[in-house]
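Take a look at the structure below.
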Amino acid sequence: MSLQVASLSFEMVAAIRPLLARIKRCDRSLADQLVRAASSVALKIAEAEYSDPGNKRARLFTAAGSANETRAALRLGVAWGYYAERDAGEALVLVGRVVAMLWGLTRRYSKSKMLDSRPYEGRGTKLFQLASVGGVWKIASLSWYDEALV
C-alpha cells in the first residue's frame with residue numbers, strides 16, 4: 001500500500017531544498033537539523049508502510065513529530081531573518097499538509113450501534129484538512145474511511 005502522504009513528503013523536501021543554502025550561510029546547525037527532520041518524515045512514512053499495525057501507528061506519530069520540527073525550523077529561518085516568510089511559503093504549506101495527513105492517519109475511531117435492527121461494529125480513520133482563510137482556520141475538507149467489523 002502506498003500512502004499519499006509519502007509522495008507529499010518528497011514534494012515537501014524538494015520545496016525546502018532552495019532554502020537550505022540560505023540557512024546554511026548563517027546557521028549550519030539549523031540547516032543540519034532541518035535536513036535531518038525533513039528526511040526523517042519521509043523515512044518514517046516509508047517504514048510505516050511495511051510495518052505491522054501497532055508499529056505503523058508509532059512510525060506515523062514519529063513522522064508527525066519530525067514534520068512539526070521541520071515546520072519549526074522553517075519558521076526559525078524566518079524569525080532569524082535568513083529569508084522572508086513568502087520565500088518559505090510553499091514549503092510551509094506542504095509541511096502543513098503533511099502534518100494534517102499524518103494527524104488523520106494516527107487518529108482512529110471505533111463505533112458500536114444497531115444498523116437495520118442488527119448489532120454493528122466498525123472502526124476507521126478521519127482526516128480533516130484545515131486552511132487558514134484571512135487568519136481564521138477553517139475546515140477545507142473532511143474524509144473518513146470506515147472498516148466494518150461485523
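Each chain in the C-alpha cells gets a letter, A, B, ..., in the order shown, and its residues are numbered from 1; ligands are numbered from 1 in order too.
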Identify, on the basis of only C-alpha atoms, every residue whose closest approach to range 93-102 of chain A does not exceed 6 Å; exclude the query and any residue fewer than 2 positions from it along the same chain; express the result as a VMD selection string. chain A and resid 12 64 90 to 91 104 to 105
For the selection just defined, write its residues with C-alpha atoms to a file, as a PDB file, in the first residue's frame.
```pdb
ATOM      1  CA  MET A  12       7.977  18.919   0.876  1.00  0.00           C
ATOM      2  CA  ALA A  64       4.324  13.782  12.542  1.00  0.00           C
ATOM      3  CA  GLU A  90       5.360  26.746  -0.462  1.00  0.00           C
ATOM      4  CA  ALA A  91       7.436  24.642   1.936  1.00  0.00           C
ATOM      5  CA  GLY A 104      -5.527  11.889  10.371  1.00  0.00           C
ATOM      6  CA  LEU A 105      -3.665   8.627   9.860  1.00  0.00           C
TER       7      LEU A 105
END
```
Could you name the residues that touch range 76-79 of chain A at 9 Å or less, counting only C-alpha atoms, but leaving out those on the same chain fewer than 3 positions away, as a short mmCIF file (atom, residue, chain, number, x, y, z; two decimals) with C-alpha atoms, in the first residue's frame?
```
data_model
loop_
_atom_site.label_atom_id
_atom_site.label_comp_id
_atom_site.auth_asym_id
_atom_site.auth_seq_id
_atom_site.Cartn_x
_atom_site.Cartn_y
_atom_site.Cartn_z
CA LEU A 19 16.10 27.47 1.45
CA ARG A 22 20.45 30.48 2.77
CA ILE A 23 20.11 28.91 6.20
CA LEU A 30 19.83 24.77 11.96
CA ARG A 71 7.89 23.44 10.35
CA ALA A 72 9.54 24.98 13.43
CA ALA A 73 12.94 25.05 11.68
CA TYR A 82 17.57 34.25 6.91
CA TYR A 83 14.71 34.62 4.38
CA ALA A 84 11.27 36.23 4.15
CA GLU A 85 8.14 34.27 5.05
CA ASP A 87 10.16 32.59 0.41
CA ALA A 88 9.21 29.70 2.71
#
```
I need the residues of chain A that end up classed as alpha helix (DSSP H) by DSSP on the backbone, written out as number ranges by chain. A: 4-26, 28-49, 53-79, 89-106
Which residues come within 8 Å of range 34-43 of chain A, counting only C-alpha atoms, excluding same-chain residues fewer than 2 positions away, as a list of chain:residue names?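 Near neighbours after the sequence-gap exclusion: A:Ala6, A:Ser9, A:Phe10, A:Met12, A:Val13, A:Leu30, A:Ala31, A:Asp32, A:Ile45, A:Ala46, A:Glu47, A:Thr62, A:Ala63, A:Ala64, A:Ser66, A:Ala67, A:Glu69, A:Thr70, A:Ala73, A:Leu74.
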Pick out each residue of range 93-125 of chain A that DSSP on the backbone tags as strand (DSSP E or B); I need them as a VMD selection string. chain A and resid 108 to 115 118 to 125
How would the residues just chosen look if you wrote them out with C-alpha atoms as a PDB file, in the first residue's frame?
```
ATOM      1  CA  ARG A 108      -8.649   6.072  14.718  1.00  0.00           C
ATOM      2  CA  TYR A 109     -12.177   5.742  15.962  1.00  0.00           C
ATOM      3  CA  SER A 110     -14.478   2.859  16.754  1.00  0.00           C
ATOM      4  CA  LYS A 111     -18.235   2.636  16.942  1.00  0.00           C
ATOM      5  CA  SER A 112     -20.857   0.178  18.036  1.00  0.00           C
ATOM      6  CA  LYS A 113     -24.565   0.565  17.259  1.00  0.00           C
ATOM      7  CA  MET A 114     -27.626  -1.053  15.763  1.00  0.00           C
ATOM      8  CA  LEU A 115     -27.942  -0.990  11.984  1.00  0.00           C
ATOM      9  CA  ARG A 118     -28.726  -5.818  13.917  1.00  0.00           C
ATOM     10  CA  PRO A 119     -25.627  -5.091  16.003  1.00  0.00           C
ATOM     11  CA  TYR A 120     -22.937  -3.290  14.042  1.00  0.00           C
ATOM     12  CA  GLU A 121     -19.352  -2.583  14.971  1.00  0.00           C
ATOM     13  CA  GLY A 122     -16.853  -0.641  12.960  1.00  0.00           C
ATOM     14  CA  ARG A 123     -13.726   1.427  13.113  1.00  0.00           C
ATOM     15  CA  GLY A 124     -11.972   3.793  10.826  1.00  0.00           C
ATOM     16  CA  THR A 125      -9.899   6.895  10.306  1.00  0.00           C
TER      17      THR A 125
END
```
Just checking: using only C-alpha atoms, which residue out of A:Asn55, A:Glu49, A:Cys26, A:Gly65 ends up closest to Trp80 in chain A? A:Cys26
The distance between CA of Tyr145 in chain A and CA of Lys44 in chain A is 22.3 Å
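Comparing A:Ala131, A:Leu92, A:Val136, A:Ala58 by their smallest distance to Ala15 in chain A, the closest is A:Leu92 (using only C-alpha atoms).
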My list of candidates is A:Leu60, A:Val5, A:Ile16, A:Arg25. Which is closest to Gly89 in chain A when distances are computed with only C-alpha atoms?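 Closest to Gly89 in chain A of all the choices is A:Ile16.
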When distances are computed from only C-alpha atoms, which of A:Ala14, A:Val133, A:Leu142, A:Ala48 shows the smallest separation from Thr106 in chain A? A:Ala48
